[in-house]
$ cat data_27.pdb   # PDB, C-alpha atoms
ATOM      1  CA  MET A   1     -22.113  52.824   3.843
ATOM      2  CA  ARG A   2     -19.908  52.907   0.761
ATOM      3  CA  ASN A   3     -16.768  53.080   2.956
ATOM      4  CA  LYS A   4     -17.998  50.091   4.966
ATOM      5  CA  VAL A   5     -18.486  48.054   1.781
ATOM      6  CA  ILE A   6     -14.996  48.963   0.578
ATOM      7  CA  ALA A   7     -13.529  48.013   3.948
ATOM      8  CA  LEU A   8     -15.262  44.625   3.846
ATOM      9  CA  ALA A   9     -14.068  44.035   0.293
ATOM     10  CA  LEU A  10     -10.501  44.882   1.269
ATOM     11  CA  ALA A  11     -10.687  42.522   4.261
ATOM     12  CA  ALA A  12     -11.985  39.737   2.048
ATOM     13  CA  ALA A  13      -9.248  40.368  -0.490
ATOM     14  CA  LEU A  14      -6.621  40.279   2.226
ATOM     15  CA  ALA A  15      -8.032  37.022   3.576
ATOM     16  CA  LEU A  16      -7.982  35.472   0.125
ATOM     17  CA  GLY A  17      -4.419  36.666  -0.313
ATOM     18  CA  VAL A  18      -3.362  35.040   2.922
ATOM     19  CA  LEU A  19      -5.063  31.782   1.925
ATOM     20  CA  ALA A  20      -3.467  31.903  -1.492
ATOM     21  CA  GLY A  21      -0.105  32.501   0.122
ATOM     22  CA  CYS A  22      -0.621  29.489   2.387
ATOM     23  CA  ALA A  23      -1.536  27.358  -0.593
ATOM     24  CA  LYS A  24       1.577  28.477  -2.442
ATOM     25  CA  THR A  25       3.932  27.789   0.485
ATOM     26  CA  GLU A  26       2.482  24.363   1.274
ATOM     27  CA  GLN A  27       5.099  21.813   0.245
ATOM     28  CA  PRO A  28       4.076  18.847  -1.940
ATOM     29  CA  LEU A  29       4.575  15.383  -0.464
ATOM     30  CA  GLU A  30       7.844  13.690  -1.346
ATOM     31  CA  LYS A  31       7.310  10.307  -2.992
ATOM     32  CA  VAL A  32       9.128   7.256  -1.645
ATOM     33  CA  THR A  33       8.733   3.726  -3.018
ATOM     34  CA  VAL A  34       8.632   0.789  -0.589
ATOM     35  CA  CYS A  35       8.539  -2.920  -1.447
ATOM     36  CA  GLU A  36       7.248  -5.263   1.272
ATOM     37  CA  VAL A  37       8.123  -8.953   1.436
ATOM     38  CA  THR A  38       4.455  -9.940   1.682
ATOM     39  CA  HIS A  39       1.156  -8.306   2.612
ATOM     40  CA  SER A  40       0.270  -9.270   6.174
ATOM     41  CA  ILE A  41      -1.332  -7.878   9.324
ATOM     42  CA  PHE A  42       2.037  -8.890  10.813
ATOM     43  CA  TYR A  43       3.076  -5.418   9.677
ATOM     44  CA  ALA A  44       0.163  -3.608  11.333
ATOM     45  CA  PRO A  45       2.247  -0.606  12.524
ATOM     46  CA  GLN A  46       3.107   0.178   8.890
ATOM     47  CA  TYR A  47      -0.522   0.131   7.757
ATOM     48  CA  VAL A  48      -1.554   2.159  10.815
ATOM     49  CA  ALA A  49       1.060   4.775   9.932
ATOM     50  CA  MET A  50      -0.337   4.924   6.406
ATOM     51  CA  ALA A  51      -4.020   4.989   7.417
ATOM     52  CA  LEU A  52      -3.626   7.638  10.127
ATOM     53  CA  GLY A  53      -1.485   9.925   7.976
ATOM     54  CA  PHE A  54       1.757   9.607   9.941
ATOM     55  CA  PHE A  55       3.811   9.480   6.728
ATOM     56  CA  GLU A  56       1.962  12.499   5.350
ATOM     57  CA  GLU A  57       2.689  14.362   8.587
ATOM     58  CA  GLU A  58       6.352  13.786   7.780
ATOM     59  CA  GLY A  59       5.860  15.084   4.234
ATOM     60  CA  LEU A  60       6.000  11.671   2.572
ATOM     61  CA  ASP A  61       3.847   9.938  -0.022
ATOM     62  CA  VAL A  62       4.508   6.193   0.338
ATOM     63  CA  GLU A  63       3.961   4.011  -2.726
ATOM     64  CA  LEU A  64       3.773   0.426  -1.463
ATOM     65  CA  SER A  65       4.252  -2.719  -3.546
ATOM     66  CA  ASN A  66       4.423  -6.440  -2.722
ATOM     67  CA  GLY A  67       7.663  -8.198  -3.624
ATOM     68  CA  GLY A  68       6.554 -11.733  -2.797
ATOM     69  CA  GLY A  69       9.783 -12.783  -1.063
ATOM     70  CA  ALA A  70      12.868 -11.219   0.518
ATOM     71  CA  ASP A  71      15.085 -12.122  -2.438
ATOM     72  CA  LYS A  72      12.807 -10.258  -4.840
ATOM     73  CA  VAL A  73      12.611  -7.241  -2.515
ATOM     74  CA  MET A  74      16.396  -7.081  -2.266
ATOM     75  CA  SER A  75      16.791  -7.347  -6.042
ATOM     76  CA  ALA A  76      14.432  -4.386  -6.478
ATOM     77  CA  VAL A  77      16.405  -2.295  -3.979
ATOM     78  CA  LEU A  78      19.808  -3.144  -5.443
ATOM     79  CA  SER A  79      18.598  -2.391  -8.974
ATOM     80  CA  GLY A  80      17.382   1.034  -7.880
ATOM     81  CA  SER A  81      13.784   0.402  -8.945
ATOM     82  CA  ILE A  82      12.692   0.662  -5.279
ATOM     83  CA  ASP A  83      13.922   3.130  -2.656
ATOM     84  CA  ILE A  84      13.276   1.160   0.534
ATOM     85  CA  GLY A  85      12.992  -2.580   1.083
ATOM     86  CA  PHE A  86      10.949  -4.203   3.839
ATOM     87  CA  ALA A  87      11.922  -7.809   4.574
ATOM     88  CA  GLY A  88      14.042  -9.965   6.845
ATOM     89  CA  PRO A  89      17.446  -8.539   7.898
ATOM     90  CA  GLU A  90      19.067 -11.731   6.625
ATOM     91  CA  ALA A  91      18.861 -10.289   3.104
ATOM     92  CA  SER A  92      21.169  -7.423   4.098
ATOM     93  CA  ILE A  93      23.584  -9.851   5.783
ATOM     94  CA  TYR A  94      23.833 -11.901   2.594
ATOM     95  CA  VAL A  95      24.475  -8.790   0.478
ATOM     96  CA  TYR A  96      27.156  -7.494   2.849
ATOM     97  CA  ASN A  97      28.942 -10.855   2.835
ATOM     98  CA  GLU A  98      28.941 -10.856  -0.973
ATOM     99  CA  GLY A  99      31.341  -7.928  -0.741
ATOM    100  CA  LYS A 100      29.173  -5.350  -2.510
ATOM    101  CA  GLU A 101      30.567  -1.851  -2.072
ATOM    102  CA  ASP A 102      27.119  -0.252  -2.011
ATOM    103  CA  TYR A 103      25.521  -2.785   0.346
ATOM    104  CA  THR A 104      22.222  -2.282   2.135
ATOM    105  CA  GLN A 105      21.809  -1.087   5.712
ATOM    106  CA  VAL A 106      18.917  -1.820   8.056
ATOM    107  CA  PHE A 107      17.622   1.409   9.607
ATOM    108  CA  ALA A 108      14.329   0.492  11.318
ATOM    109  CA  GLN A 109      13.043  -2.769  12.794
ATOM    110  CA  MET A 110       9.322  -3.611  12.639
ATOM    111  CA  THR A 111       8.844  -7.099  14.122
ATOM    112  CA  LYS A 112      10.808  -9.080  16.717
ATOM    113  CA  ARG A 113       9.382 -12.580  16.480
ATOM    114  CA  ASP A 114       8.492 -14.999  13.730
ATOM    115  CA  GLY A 115       5.025 -14.133  12.473
ATOM    116  CA  SER A 116       4.057 -17.456  10.929
ATOM    117  CA  PHE A 117       1.655 -20.015  12.324
ATOM    118  CA  LEU A 118       1.790 -23.756  11.780
ATOM    119  CA  VAL A 119      -1.401 -24.948  10.098
ATOM    120  CA  ALA A 120      -2.529 -28.600  10.066
ATOM    121  CA  ARG A 121      -5.238 -30.347   8.080
ATOM    122  CA  GLU A 122      -7.199 -31.325  11.183
ATOM    123  CA  PRO A 123      -7.828 -29.578  14.526
ATOM    124  CA  ASP A 124      -5.301 -30.591  17.194
ATOM    125  CA  GLU A 125      -5.743 -28.921  20.559
ATOM    126  CA  ASP A 126      -3.106 -31.242  22.044
ATOM    127  CA  PHE A 127      -0.455 -30.525  19.404
ATOM    128  CA  THR A 128       3.154 -31.158  20.361
ATOM    129  CA  TRP A 129       6.094 -30.540  18.063
ATOM    130  CA  ASP A 130       7.163 -34.184  18.044
ATOM    131  CA  LYS A 131       4.059 -34.846  15.937
ATOM    132  CA  LEU A 132       5.985 -33.355  13.029
ATOM    133  CA  LYS A 133       8.200 -36.428  12.816
ATOM    134  CA  GLY A 134       7.705 -38.048   9.434
ATOM    135  CA  ALA A 135       5.454 -35.216   8.234
ATOM    136  CA  HIS A 136       5.521 -33.437   4.864
ATOM    137  CA  ILE A 137       5.719 -29.686   5.580
ATOM    138  CA  LEU A 138       5.669 -26.510   3.434
ATOM    139  CA  PRO A 139       7.940 -24.126   5.411
ATOM    140  CA  GLY A 140       8.821 -21.333   2.973
ATOM    141  CA  ARG A 141      11.908 -20.381   0.989
ATOM    142  CA  LYS A 142      15.178 -21.954   2.111
ATOM    143  CA  GLY A 143      17.479 -19.210   3.356
ATOM    144  CA  GLY A 144      14.642 -16.898   4.386
ATOM    145  CA  VAL A 145      14.026 -16.022   8.046
ATOM    146  CA  PRO A 146      10.623 -17.809   8.153
ATOM    147  CA  TYR A 147      12.282 -21.044   7.042
ATOM    148  CA  MET A 148      15.255 -20.668   9.387
ATOM    149  CA  ALA A 149      13.097 -19.689  12.380
ATOM    150  CA  PHE A 150      10.960 -22.767  11.758
ATOM    151  CA  GLU A 151      14.064 -24.983  11.619
ATOM    152  CA  TYR A 152      15.298 -23.360  14.836
ATOM    153  CA  ALA A 153      11.966 -24.106  16.545
ATOM    154  CA  ILE A 154      12.235 -27.751  15.438
ATOM    155  CA  ARG A 155      15.738 -28.013  16.910
ATOM    156  CA  GLN A 156      14.529 -26.376  20.119
ATOM    157  CA  ASN A 157      12.151 -29.327  20.384
ATOM    158  CA  GLY A 158      14.893 -31.935  20.064
ATOM    159  CA  MET A 159      14.448 -32.877  16.403
ATOM    160  CA  ASP A 160      16.601 -32.669  13.285
ATOM    161  CA  PRO A 161      14.772 -30.850  10.474
ATOM    162  CA  ALA A 162      16.977 -32.562   7.893
ATOM    163  CA  THR A 163      16.163 -36.151   8.907
ATOM    164  CA  ASP A 164      13.051 -36.238  11.089
ATOM    165  CA  MET A 165      10.642 -34.760   8.519
ATOM    166  CA  THR A 166      10.374 -33.523   4.937
ATOM    167  CA  LEU A 167      10.684 -29.749   4.550
ATOM    168  CA  ASP A 168       9.428 -29.138   1.029
ATOM    169  CA  THR A 169      10.997 -25.970  -0.401
ATOM    170  CA  SER A 170       9.894 -26.619  -3.981
ATOM    171  CA  VAL A 171       6.807 -24.413  -3.559
ATOM    172  CA  GLN A 172       7.349 -20.652  -3.863
ATOM    173  CA  PHE A 173       6.416 -18.502  -0.868
ATOM    174  CA  ASP A 174       3.414 -16.874  -2.560
ATOM    175  CA  ASN A 175       2.053 -20.260  -3.672
ATOM    176  CA  MET A 176       2.295 -22.158  -0.371
ATOM    177  CA  THR A 177      -1.297 -21.606   0.760
ATOM    178  CA  GLY A 178      -2.696 -22.585  -2.633
ATOM    179  CA  ALA A 179      -0.529 -25.701  -2.720
ATOM    180  CA  PHE A 180      -1.644 -26.748   0.764
ATOM    181  CA  LEU A 181      -5.316 -26.198  -0.065
ATOM    182  CA  GLY A 182      -4.739 -28.240  -3.212
ATOM    183  CA  GLY A 183      -3.586 -31.213  -1.172
ATOM    184  CA  THR A 184       0.191 -30.784  -0.873
ATOM    185  CA  GLY A 185       1.720 -31.400   2.555
ATOM    186  CA  ASP A 186       0.532 -32.337   6.026
ATOM    187  CA  TYR A 187       1.395 -28.933   7.494
ATOM    188  CA  VAL A 188       2.134 -25.446   6.167
ATOM    189  CA  THR A 189       3.353 -22.212   7.749
ATOM    190  CA  MET A 190       1.123 -19.178   7.108
ATOM    191  CA  PHE A 191       1.097 -15.560   8.114
ATOM    192  CA  GLU A 192      -1.991 -13.726   9.314
ATOM    193  CA  PRO A 193      -4.662 -12.974   8.293
ATOM    194  CA  THR A 194      -4.337 -15.912   5.850
ATOM    195  CA  ALA A 195      -4.018 -18.499   8.617
ATOM    196  CA  SER A 196      -7.185 -17.346  10.396
ATOM    197  CA  ALA A 197      -9.080 -17.091   7.096
ATOM    198  CA  VAL A 198      -8.163 -20.681   6.140
ATOM    199  CA  GLN A 199      -9.209 -21.855   9.586
ATOM    200  CA  ALA A 200     -12.529 -19.988   9.381
ATOM    201  CA  GLU A 201     -13.256 -21.819   6.122
ATOM    202  CA  GLY A 202     -12.482 -25.174   7.762
ATOM    203  CA  LYS A 203      -9.669 -25.884   5.296
ATOM    204  CA  GLY A 204      -6.833 -25.847   7.830
ATOM    205  CA  TYR A 205      -6.275 -25.366  11.557
ATOM    206  CA  ILE A 206      -3.710 -23.346  13.491
ATOM    207  CA  VAL A 207      -1.852 -25.636  15.906
ATOM    208  CA  ALA A 208       1.189 -23.553  16.935
ATOM    209  CA  ALA A 209       2.871 -20.137  16.712
ATOM    210  CA  VAL A 210       6.420 -20.475  15.395
ATOM    211  CA  GLY A 211       7.374 -17.242  17.165
ATOM    212  CA  ASP A 212       6.594 -18.781  20.546
ATOM    213  CA  GLU A 213       9.138 -21.528  19.941
ATOM    214  CA  ALA A 214      11.841 -19.625  18.037
ATOM    215  CA  GLY A 215      12.025 -16.763  20.545
ATOM    216  CA  GLU A 216      12.869 -13.103  20.020
ATOM    217  CA  ILE A 217      14.859 -12.322  16.875
ATOM    218  CA  PRO A 218      14.910  -9.302  14.533
ATOM    219  CA  TYR A 219      12.456 -10.564  11.966
ATOM    220  CA  THR A 220      11.344  -7.803   9.600
ATOM    221  CA  ALA A 221      12.995  -4.436   9.009
ATOM    222  CA  TYR A 222      13.378  -1.554   6.569
ATOM    223  CA  PHE A 223      16.604  -1.232   4.613
ATOM    224  CA  ALA A 224      18.070   0.751   1.738
ATOM    225  CA  LYS A 225      21.339   0.993  -0.131
ATOM    226  CA  LYS A 226      24.064   2.753   1.836
ATOM    227  CA  SER A 227      24.366   5.401  -0.876
ATOM    228  CA  TYR A 228      20.622   6.071  -0.824
ATOM    229  CA  ILE A 229      20.645   6.521   2.958
ATOM    230  CA  GLU A 230      23.596   8.912   2.758
ATOM    231  CA  ASP A 231      21.999  10.954  -0.051
ATOM    232  CA  ASN A 232      18.521  10.987   1.529
ATOM    233  CA  ALA A 233      19.224  11.117   5.250
ATOM    234  CA  GLU A 234      16.431  13.600   5.946
ATOM    235  CA  LEU A 235      13.871  11.461   4.097
ATOM    236  CA  ILE A 236      15.005   8.307   5.951
ATOM    237  CA  GLN A 237      14.638  10.168   9.244
ATOM    238  CA  ARG A 238      11.117  11.310   8.437
ATOM    239  CA  PHE A 239      10.208   7.806   7.269
ATOM    240  CA  THR A 240      11.522   6.310  10.523
ATOM    241  CA  ASN A 241       9.636   8.919  12.560
ATOM    242  CA  ALA A 242       6.376   7.792  10.925
ATOM    243  CA  VAL A 243       7.170   4.112  11.508
ATOM    244  CA  TYR A 244       7.825   4.807  15.192
ATOM    245  CA  LYS A 245       4.500   6.663  15.506
ATOM    246  CA  GLY A 246       2.768   3.604  14.044
ATOM    247  CA  GLN A 247       4.566   1.281  16.455
ATOM    248  CA  GLN A 248       3.570   3.397  19.436
ATOM    249  CA  TRP A 249      -0.050   3.601  18.297
ATOM    250  CA  VAL A 250      -0.335  -0.187  17.958
ATOM    251  CA  GLN A 251       1.283  -0.615  21.367
ATOM    252  CA  GLU A 252      -1.249   1.714  22.990
ATOM    253  CA  HIS A 253      -4.450   0.404  21.346
ATOM    254  CA  SER A 254      -6.499  -2.768  21.361
ATOM    255  CA  ALA A 255      -6.526  -5.412  18.641
ATOM    256  CA  ARG A 256     -10.028  -4.279  17.670
ATOM    257  CA  GLU A 257      -8.954  -0.645  17.292
ATOM    258  CA  VAL A 258      -5.939  -1.657  15.206
ATOM    259  CA  ALA A 259      -8.113  -3.871  12.989
ATOM    260  CA  GLU A 260     -10.598  -1.056  12.401
ATOM    261  CA  VAL A 261      -7.838   1.366  11.366
ATOM    262  CA  VAL A 262      -6.102  -0.989   8.918
ATOM    263  CA  GLN A 263      -9.219  -2.617   7.482
ATOM    264  CA  ASP A 264      -8.930  -0.753   4.165
ATOM    265  CA  SER A 265      -5.529  -2.412   3.638
ATOM    266  CA  PHE A 266      -7.235  -5.823   3.918
ATOM    267  CA  ALA A 267     -10.512  -5.225   2.098
ATOM    268  CA  ASP A 268     -11.126  -8.939   1.499
ATOM    269  CA  THR A 269     -10.705  -9.910   5.162
ATOM    270  CA  ASP A 270     -13.511  -9.866   7.708
ATOM    271  CA  LEU A 271     -13.018  -7.386  10.578
ATOM    272  CA  GLU A 272     -13.348 -10.117  13.211
ATOM    273  CA  LEU A 273     -10.640 -12.157  11.493
ATOM    274  CA  LEU A 274      -8.372  -9.115  11.390
ATOM    275  CA  GLU A 275      -8.953  -8.497  15.084
ATOM    276  CA  SER A 276      -8.156 -12.129  15.871
ATOM    277  CA  ALA A 277      -4.967 -11.946  13.803
ATOM    278  CA  VAL A 278      -3.764  -8.746  15.492
ATOM    279  CA  GLN A 279      -4.532 -10.264  18.887
ATOM    280  CA  SER A 280      -2.479 -13.338  17.988
ATOM    281  CA  TYR A 281       0.514 -11.167  17.185
ATOM    282  CA  GLN A 282       0.069  -9.009  20.270
ATOM    283  CA  ASP A 283      -0.158 -12.134  22.420
ATOM    284  CA  ILE A 284       3.233 -13.446  21.293
ATOM    285  CA  GLY A 285       4.862  -9.993  21.400
ATOM    286  CA  ALA A 286       5.608  -9.947  17.673
ATOM    287  CA  TYR A 287       5.411  -6.178  17.138
ATOM    288  CA  SER A 288       8.500  -4.120  17.999
ATOM    289  CA  THR A 289       7.668  -1.150  20.201
ATOM    290  CA  ASP A 290      10.494   0.908  18.693
ATOM    291  CA  PRO A 291      12.589   0.757  15.497
ATOM    292  CA  VAL A 292      15.993   0.055  17.118
ATOM    293  CA  MET A 293      17.722  -3.252  16.291
ATOM    294  CA  THR A 294      20.027  -4.304  19.118
ATOM    295  CA  GLU A 295      23.399  -5.935  18.594
ATOM    296  CA  GLU A 296      22.342  -8.856  20.817
ATOM    297  CA  SER A 297      19.274  -9.656  18.721
ATOM    298  CA  PHE A 298      21.223  -9.208  15.480
ATOM    299  CA  ASN A 299      23.812 -11.713  16.668
ATOM    300  CA  LEU A 300      21.062 -14.172  17.656
ATOM    301  CA  LEU A 301      19.693 -13.943  14.114
ATOM    302  CA  GLN A 302      23.133 -14.823  12.773
ATOM    303  CA  THR A 303      23.281 -17.778  15.166
ATOM    304  CA  VAL A 304      19.964 -19.022  13.763
ATOM    305  CA  MET A 305      21.294 -18.547  10.226
ATOM    306  CA  THR A 306      24.534 -20.379  11.050
ATOM    307  CA  GLU A 307      22.700 -23.329  12.613
ATOM    308  CA  ALA A 308      20.548 -23.496   9.482
ATOM    309  CA  GLY A 309      23.701 -23.843   7.388
ATOM    310  CA  GLU A 310      23.007 -20.580   5.540
ATOM    311  CA  LEU A 311      25.839 -18.512   7.014
ATOM    312  CA  THR A 312      29.533 -19.345   7.067
ATOM    313  CA  GLN A 313      30.738 -15.853   7.950
ATOM    314  CA  THR A 314      29.018 -13.409  10.296
ATOM    315  CA  ALA A 315      28.555  -9.771   9.309
ATOM    316  CA  PRO A 316      29.442  -6.862  11.642
ATOM    317  CA  TRP A 317      26.396  -5.333  13.336
ATOM    318  CA  ALA A 318      27.821  -1.797  13.116
ATOM    319  CA  GLU A 319      28.071  -2.039   9.315
ATOM    320  CA  VAL A 320      24.757  -3.716   8.478
ATOM    321  CA  VAL A 321      22.618  -1.927  11.079
ATOM    322  CA  ASN A 322      22.309   1.861  11.219
ATOM    323  CA  ASN A 323      20.348   2.823  14.344
ATOM    324  CA  THR A 324      20.993   6.566  13.961
ATOM    325  CA  PHE A 325      17.533   7.324  12.610
ATOM    326  CA  ALA A 326      15.684   4.990  14.988
ATOM    327  CA  GLU A 327      17.354   6.496  18.042
ATOM    328  CA  LYS A 328      16.632  10.036  16.881
ATOM    329  CA  ALA A 329      12.972   9.148  16.197
ATOM    330  CA  MET A 330      12.618   7.947  19.786
ATOM    331  CA  GLU A 331      14.026  11.219  21.094
ATOM    332  CA  GLY A 332      11.011  12.977  19.571
TER     333      GLY A 332
END
$ encode --input "data_27.pdb" --output "structure tokens"
Amino acid sequence: MRNKVIALALAAALALGVLAGCAKTEQPLEKVTVCEVTHSIFYAPQYVAMALGFFEEEGLDVELSNGGGADKVMSAVLSGSIDIGFAGPEASIYVYNEGKEDYTQVFAQMTKRDGSFLVAREPDEDFTWDKLKGAHILPGRKGGVPYMAFEYAIRQNGMDPATDMTLDTSVQFDNMTGAFLGGTGDYVTMFEPTASAVQAEGKGYIVAAVGDEAGEIPYTAYFAKKSYIEDNAELIQRFTNAVYKGQQWVQEHSAREVAEVVQDSFADTDLELLESAVQSYQDIGAYSTDPVMTEESFNLLQTVMTEAGELTQTAPWAEVVNNTFAEKAMEG
């Protein structure tokens, strides 16, 4: 009996030793700071990747902050206070054209259409774009992709955004909804879930999806300084792997399932509104199904920027876009 007790004690000790060894060899998560241009269900694959532990699976602890505009996100990245920026690729084009030696490179695309919706003060089921003639509109920050995509959509409908209407850029991006609700403007562009929430309260009504009119362009992407990517290539690869997992999950699941997974990221938004918002983005094909940014789409973005008068010199795709990590993530 005594031998049996000793044997059991030894077995238990060995088991504890193995567990202790496992605990000691388990690697701590590597912290990476990310600054997003705004907080929106438009970026559902990112929040899915966070909620389902895809970043943790890659050994990463993502600290997410809201920059409130692409210019502010880029400033944070260039200053070194943030590792990875998440905003429109136009920001990286501007920085490259400024001649900075340590410019930023885009390494993973998230969305491929404009994610804003045009909101009016009254319901208009028969809305046509020519109704914007003479209107006072809050379209976002001049020089940002939302503003330029909106201008492009206006031109696609045979109007001149400079003369046929008033595009009011005096209101900062983060303050546009508040300004509209306070009585400024006839129309405003809003991202989801804000647009659906305003409509549910009867304070504004969605009349059009800008992405439907502007077409497919690289809209939101992750970027970092060239030096940071070179020094942290393994981290960037693991980050991109997690992003791709999130993109695939959103592609393979319903709007309701996506809404349920990301609900904690939008605690103040009703589940039904979240579902409606995700469905709106799925319907217009806003979410990229993989993180690769093609040269064709990049050049289209520069065409939109040129037509908006924001670009006098195009940037080379091969310098601004680094698809190495995206392509490897897709290989599995």
$ resolve_selection --input "data_27.pdb" --expression "the PyMOL selection byres ((chain A and resi 212-216) around 12)" --output "count of residues only"
52
$ residues_around --input "data_27.pdb" --residues "Ser81 in chain A" --least-positions-apart "5" --cutoff "10 Å" --atoms "all atoms listed in the file" --output "ChimeraX atom specification"
/A:33-35,75-76
$ atom_distance --input "data_27.pdb" --atom1 "CA of Lys131 in chain A" --atom2 "CA of Ala179 in chain A"
21.3 Å
$ residues_around --input "data_27.pdb" --residues "Leu311 in chain A" --least-positions-apart "2" --cutoff "10 Å" --atoms "all atoms listed in the file" --output "PyMOL selection string"
chain A and resi 90+93-94+97+143+302-309+313-315
$ atom_distance --input "data_27.pdb" --atom1 "CA of Gln46 in chain A" --atom2 "CA of Asp102 in chain A"
26.4 Å
$ resolve_selection --input "data_27.pdb" --expression "the PyMOL selection byres ((chain A and resi 32) around 7)" --output "VMD selection string"
chain A and resid 30 to 31 33 to 34 60 to 63 83
$ resolve_selection --input "data_27.pdb" --expression "the PyMOL selection byres ((chain A and resi 246) around 8)" --output "PyMOL selection string"
chain A and resi 45-49+54+242-245+247-250
